[in-house]
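Printed here is run-v9.txt (compact mmCIF, C-alpha atoms):
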# COMPACT_ATOMS: atom_id res chain seq x y z
CA MET A 1 -26.14 0.41 6.02
CA GLY A 2 -23.34 0.57 8.61
CA PRO A 3 -19.82 1.95 8.01
CA THR A 4 -18.35 -1.49 7.28
CA GLU A 5 -20.98 -2.39 4.70
CA MET A 6 -20.83 1.11 3.20
CA ILE A 7 -17.06 0.99 2.73
CA ALA A 8 -17.29 -2.46 1.17
CA HIS A 9 -20.07 -1.31 -1.15
CA TYR A 10 -18.32 1.81 -2.42
CA ALA A 11 -14.88 0.17 -2.67
CA THR A 12 -16.19 -2.72 -4.75
CA THR A 13 -18.22 -0.30 -6.88
CA VAL A 14 -15.17 1.84 -7.67
CA ILE A 15 -12.91 -1.15 -8.37
CA GLY A 16 -15.68 -2.84 -10.35
CA HIS A 17 -16.14 0.19 -12.58
CA THR A 18 -12.42 0.77 -13.16
CA GLY A 19 -11.71 -2.94 -13.67
CA TYR A 20 -8.21 -4.39 -13.82
CA PRO A 21 -6.71 -1.00 -14.82
CA GLY A 22 -8.06 0.37 -11.53
CA VAL A 23 -6.30 -2.40 -9.61
CA PHE A 24 -3.11 -1.71 -11.59
CA VAL A 25 -3.14 2.05 -10.94
CA SER A 26 -3.95 1.56 -7.25
CA MET A 27 -0.93 -0.69 -6.83
CA VAL A 28 1.30 1.72 -8.77
CA LEU A 29 0.36 4.38 -6.22
CA GLU A 30 0.66 1.94 -3.30
CA SER A 31 4.22 1.05 -4.31
CA MET A 32 5.28 4.68 -4.48
CA VAL A 33 5.27 7.13 -1.58
CA VAL A 34 1.52 7.71 -1.90
CA PRO A 35 -0.21 6.60 1.35
CA LEU A 36 -2.64 4.18 -0.33
CA PRO A 37 -2.30 0.80 1.42
CA SER A 38 -2.86 -2.42 -0.50
CA GLU A 39 -4.97 -3.59 2.45
CA ALA A 40 -7.55 -1.00 1.37
CA VAL A 41 -7.72 -2.26 -2.23
CA MET A 42 -6.84 -5.92 -2.71
CA PRO A 43 -9.42 -7.52 -0.35
CA PHE A 44 -12.18 -5.77 -2.28
CA ALA A 45 -10.73 -7.09 -5.53
CA GLY A 46 -11.13 -10.47 -3.82
CA PHE A 47 -14.80 -9.62 -3.26
CA LEU A 48 -15.20 -9.26 -7.02
CA VAL A 49 -13.42 -12.57 -7.60
CA ALA A 50 -15.95 -14.21 -5.28
CA ASP A 51 -18.75 -12.57 -7.30
CA ALA A 52 -17.19 -13.94 -10.52
CA ARG A 53 -16.70 -10.41 -11.90
CA PHE A 54 -12.89 -10.72 -11.75
CA THR A 55 -10.61 -13.71 -12.06
CA PHE A 56 -8.01 -14.45 -9.42
CA ALA A 57 -5.15 -14.78 -11.92
CA PHE A 58 -5.84 -11.45 -13.63
CA VAL A 59 -6.18 -9.66 -10.29
CA VAL A 60 -2.79 -10.94 -9.15
CA ILE A 61 -1.18 -10.12 -12.53
CA ALA A 62 -2.64 -6.59 -12.68
CA SER A 63 -1.74 -5.81 -9.06
CA THR A 64 1.77 -7.22 -9.34
CA LEU A 65 2.45 -5.28 -12.54
CA GLY A 66 1.27 -2.16 -10.73
CA SER A 67 3.54 -2.95 -7.79
CA ILE A 68 6.66 -3.33 -9.93
CA VAL A 69 5.92 -0.20 -11.98
CA GLY A 70 5.36 1.89 -8.84
CA SER A 71 8.43 0.41 -7.16
CA LEU A 72 10.63 1.15 -10.19
CA ILE A 73 9.41 4.75 -10.17
CA SER A 74 10.37 5.03 -6.49
CA TYR A 75 13.68 3.32 -7.25
CA ALA A 76 14.36 5.98 -9.89
CA VAL A 77 13.42 8.71 -7.40
CA GLY A 78 15.99 7.30 -4.98
CA ARG A 79 18.66 6.92 -7.64
CA PHE A 80 18.23 10.35 -9.21
CA GLY A 81 16.45 12.41 -6.53
CA GLY A 82 16.76 10.82 -3.09
CA LYS A 83 16.73 13.07 -0.04
CA PRO A 84 16.15 16.35 -1.95
CA PHE A 85 12.90 14.88 -3.31
CA ILE A 86 11.70 13.95 0.20
CA ASP A 87 12.71 17.40 1.50
CA ARG A 88 10.72 19.12 -1.22
CA PHE A 89 7.64 16.94 -1.63
CA GLY A 90 7.55 14.66 1.43
CA ARG A 91 5.37 17.00 3.49
CA TYR A 92 2.53 16.48 1.03
CA LEU A 93 2.79 12.70 1.51
CA LEU A 94 3.18 12.65 5.32
CA LEU A 95 6.85 11.73 4.89
CA ASP A 96 10.09 13.37 5.92
CA ARG A 97 13.81 12.60 6.25
CA ASN A 98 13.24 10.78 9.54
CA ASP A 99 10.95 8.28 7.79
CA LEU A 100 13.49 7.82 5.00
CA ALA A 101 16.40 7.52 7.45
CA ALA A 102 14.60 4.78 9.42
CA THR A 103 13.94 2.88 6.19
CA GLU A 104 17.55 3.30 5.07
CA ARG A 105 18.78 1.87 8.39
CA PHE A 106 16.44 -1.10 7.94
CA PHE A 107 17.73 -1.63 4.41
CA GLY A 108 21.36 -1.25 5.49
CA LYS A 109 20.96 -3.74 8.33
CA TYR A 110 19.28 -6.56 6.42
CA GLY A 111 20.49 -6.02 2.85
CA ASP A 112 18.86 -6.72 -0.50
CA VAL A 113 16.43 -9.33 0.83
CA THR A 114 14.53 -6.52 2.59
CA ILE A 115 13.04 -5.64 -0.80
CA PHE A 116 11.17 -8.96 -0.64
CA VAL A 117 10.42 -8.92 3.10
CA CYS A 118 9.19 -5.32 3.15
CA ARG A 119 6.35 -6.08 0.75
CA PHE A 120 4.65 -7.54 3.86
CA ILE A 121 5.38 -4.58 6.18
CA PRO A 122 3.03 -1.55 6.22
CA VAL A 123 4.56 1.93 5.73
CA VAL A 124 8.08 0.56 5.11
CA ARG A 125 7.03 -0.92 1.76
CA HIS A 126 6.05 2.56 0.56
CA LEU A 127 9.60 3.79 1.11
CA ILE A 128 11.97 0.85 0.74
CA SER A 129 12.46 1.32 -3.01
CA ILE A 130 13.99 4.76 -2.47
CA PRO A 131 17.04 3.60 -0.44
CA ALA A 132 17.41 0.71 -2.91
CA GLY A 133 17.76 3.33 -5.64
CA THR A 134 19.99 5.56 -3.53
CA GLY A 135 22.26 2.57 -2.86
CA ARG A 136 22.22 1.68 -6.59
CA MET A 137 21.02 -1.86 -5.95
CA ASN A 138 21.11 -4.05 -9.06
CA VAL A 139 17.84 -3.22 -10.82
CA VAL A 140 17.25 -6.79 -12.04
CA LYS A 141 17.63 -8.22 -8.53
CA PHE A 142 15.47 -5.40 -7.19
CA SER A 143 12.74 -6.20 -9.72
CA LEU A 144 12.78 -9.93 -9.01
CA TYR A 145 12.53 -9.44 -5.24
CA THR A 146 9.74 -6.91 -5.71
CA ILE A 147 7.73 -9.11 -8.07
CA ALA A 148 8.06 -12.15 -5.78
CA GLY A 149 7.05 -10.27 -2.64
CA ALA A 150 4.28 -8.26 -4.27
CA ALA A 151 2.74 -11.29 -5.99
CA LEU A 152 2.57 -13.23 -2.71
CA TRP A 153 1.20 -10.31 -0.71
CA ASN A 154 -1.36 -9.29 -3.30
CA ALA A 155 -2.50 -12.89 -3.73
CA PHE A 156 -2.84 -13.29 0.05
CA LEU A 157 -5.00 -10.16 0.38
CA THR A 158 -7.13 -11.22 -2.59
CA VAL A 159 -7.73 -14.65 -1.03
CA CYS A 160 -8.66 -12.97 2.26
CA GLY A 161 -11.19 -10.81 0.43
CA PHE A 162 -12.54 -13.84 -1.44
CA TYR A 163 -13.28 -15.78 1.75
CA LEU A 164 -14.53 -12.66 3.52
CA ARG A 165 -17.08 -12.19 0.75
CA LYS A 166 -18.07 -15.87 0.86
CA ASN A 167 -18.83 -15.46 4.55
CA TRP A 168 -20.30 -11.96 4.31
CA ASP A 169 -23.56 -12.97 6.00
CA VAL A 170 -21.61 -14.05 9.06
CA VAL A 171 -19.58 -10.84 8.99
CA MET A 172 -22.74 -8.73 8.81
CA HIS A 173 -24.20 -10.67 11.75
CA TYR A 174 -21.42 -9.19 13.87
CA SER A 175 -21.19 -5.96 11.88
CA HIS A 176 -21.77 -3.74 14.91
CA PHE A 177 -18.34 -4.79 16.22
CA ALA A 178 -16.75 -4.14 12.83
CA ASP A 179 -18.48 -0.74 12.63
CA ILE A 180 -16.98 0.27 15.98
CA ALA A 181 -13.54 -0.84 14.77
CA VAL A 182 -13.93 1.14 11.52
CA VAL A 183 -14.97 4.31 13.35
CA LEU A 184 -12.07 3.98 15.79
CA ALA A 185 -9.62 3.37 12.94
CA LEU A 186 -10.87 6.46 11.07
CA PHE A 187 -10.63 8.54 14.24
CA ALA A 188 -7.09 7.28 14.90
CA GLY A 189 -6.13 8.09 11.31
CA ILE A 190 -7.39 11.67 11.67
CA VAL A 191 -5.53 12.13 14.96
CA PHE A 192 -2.35 10.72 13.39
CA PHE A 193 -2.69 13.09 10.41
CA VAL A 194 -3.16 16.14 12.65
CA ILE A 195 -0.23 15.24 14.91
CA LYS A 196 2.08 14.66 11.94
CA HIS A 197 0.96 17.93 10.36
CA LEU A 198 1.57 19.91 13.57
CA GLN A 199 4.97 18.29 14.08
CA ARG A 200 5.95 19.12 10.52
CA ARG A 201 4.83 22.75 10.88
CA LYS A 202 6.84 23.03 14.10
CA ARG A 203 9.95 21.57 12.39
CA PHE A 204 9.74 23.93 9.42
CA ALA A 205 9.09 26.92 11.68
CA ALA A 206 12.17 26.15 13.78
Could I get this structure in the form of structure tokens?
Amino acid sequence: MGPTEMIAHYATTVIGHTGYPGVFVSMVLESMVVPLPSEAVMPFAGFLVADARFTFAFVVIASTLGSIVGSLISYAVGRFGGKPFIDRFGRYLLLDRNDLAATERFFGKYGDVTIFVCRFIPVVRHLISIPAGTGRMNVVKFSLYTIAGAALWNAFLTVCGFYLRKNWDVVMHYSHFADIAVVLALFAGIVFFVIKHLQRRKRFAA
């Protein structure tokens, strides 16, 4: 069993055992400042839809509910904690004030609609709720934009997983290419983690 098949096997096993609550909790974490990307969860939920163990509607509902709950928690962090929270806890989440400042500039440049748009942008979507809270964006508007963007994105990833599973034999035929990509991605992730850690240590030592 190659890396690609192994990841798919264990991911679907974990999600299958935890069920819809597992999808919900994963998306709560994904919508906060926890580095758990939806791309690592939702396609495998789509696998289980293809296997008739989940239904598409319930997957989208559970994931979207998780997204709005996590986003509202981050919104509250921004409204009541903001930069002091990032200063104190950000190092444990690979985040710092520079990450938050870049997200705030993005939010300031494009306005409220960024809450919707950023659901489709990696990294930024983990942080965008904080400047929305800091700027005291209307919570109803914030929630509606978040629900709309999250529902579309989660549905898209689930559909991708569904069709990937339907064509799994074809994928496995070329699995050696996918295995190389997985190994390179894991290696790049480790290098990124080490560099960020060293940069953070250097900043705090200065």
Counting only C-alpha atoms, closest pick from A:Gly108, A:Gly81, A:Pro43, A:Gly70 relative to A:Phe162 is A:Pro43
Review point. Pick the closest to A:Glu104 from A:Met42, A:Ile128, A:Ile121, A:Ala50: which is it, counting only C-alpha atoms?
Key: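 Smallest distance to A:Glu104 is found for A:Ile128.
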Requested in this report: Find the residues around A:Ser74 up to 10 Å (all atoms listed in the file counted), leave out those fewer than 2 positions away in its own chain, and share them as a list of chain:residue names.
Outcome: A:Val28, A:Ser31, A:Met32, A:Val33, A:Ile68, A:Val69, A:Gly70, A:Ser71, A:Leu72, A:Ala76, A:Val77, A:Gly78, A:Arg79, A:Phe80, A:Gly81, A:Gly82, A:His126, A:Leu127, A:Ile128, A:Ser129, A:Ile130, A:Pro131, A:Ala132, A:Gly133
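Put simply, atom CA of A:Gly19 is 23.3 Å away from atom CA of A:Arg119.
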Min atom-atom distance to A:Arg165 from the set A:Val60, A:Ala45, A:Glu39, A:Tyr145, counting all atoms listed in the file, belongs to A:Ala45
Quiz item: Once you count only C-alpha atoms, which residues end up no further than 10 Å from (-12.2, -9.3, -10.1) in the file's frame, shown as a PyMOL selection string?
Solution: chain A and resi 12+15-16+19-20+23+42+44-60+158+162
d(atom CA of A:Val41, atom CA of A:Ala151) in Å: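 These two atoms are separated by 14.3 Å.
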Closest of A:Ser67, A:Ser38, A:Thr18, A:Thr146 to A:Pro122, counting all atoms listed in the file, is A:Ser38
As a check of understanding: the span from atom CA of A:Val25 to atom CA of A:Gly66 is 6.1 Å
Restricting the calculation to only C-alpha atoms: of A:Phe24, A:Tyr163, A:Phe107, A:Phe116, which residue gets closest to A:Gly135?
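So, comparing all the options, the nearest one is A:Phe107.
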query: So, counting all atoms listed in the file, which residue among A:Arg125, A:Ala62, A:Tyr75, A:Ile147 is closest to A:Val34?
result: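 For A:Val34, the nearest of the given residues is A:Arg125.
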Padding 3 Å on every side, please: axis-aligned box over the listed atoms of stretch 138-157 of chain A, centre and edge lengths to one decimal in Å, as lines of an AutoDock Vina configuration file.
center_x = 8.1
center_y = -8.3
center_z = -5.8
size_x = 32.1
size_y = 16.1
size_z = 18.4
| message | Applying 10 Å and only C-alpha atoms, which residues near A:Leu144 remain after dropping the ones on its own chain fewer than 4 positions away? List them as a ChimeraX atom specification. | response | /A:68,115-116,139-140,148-150
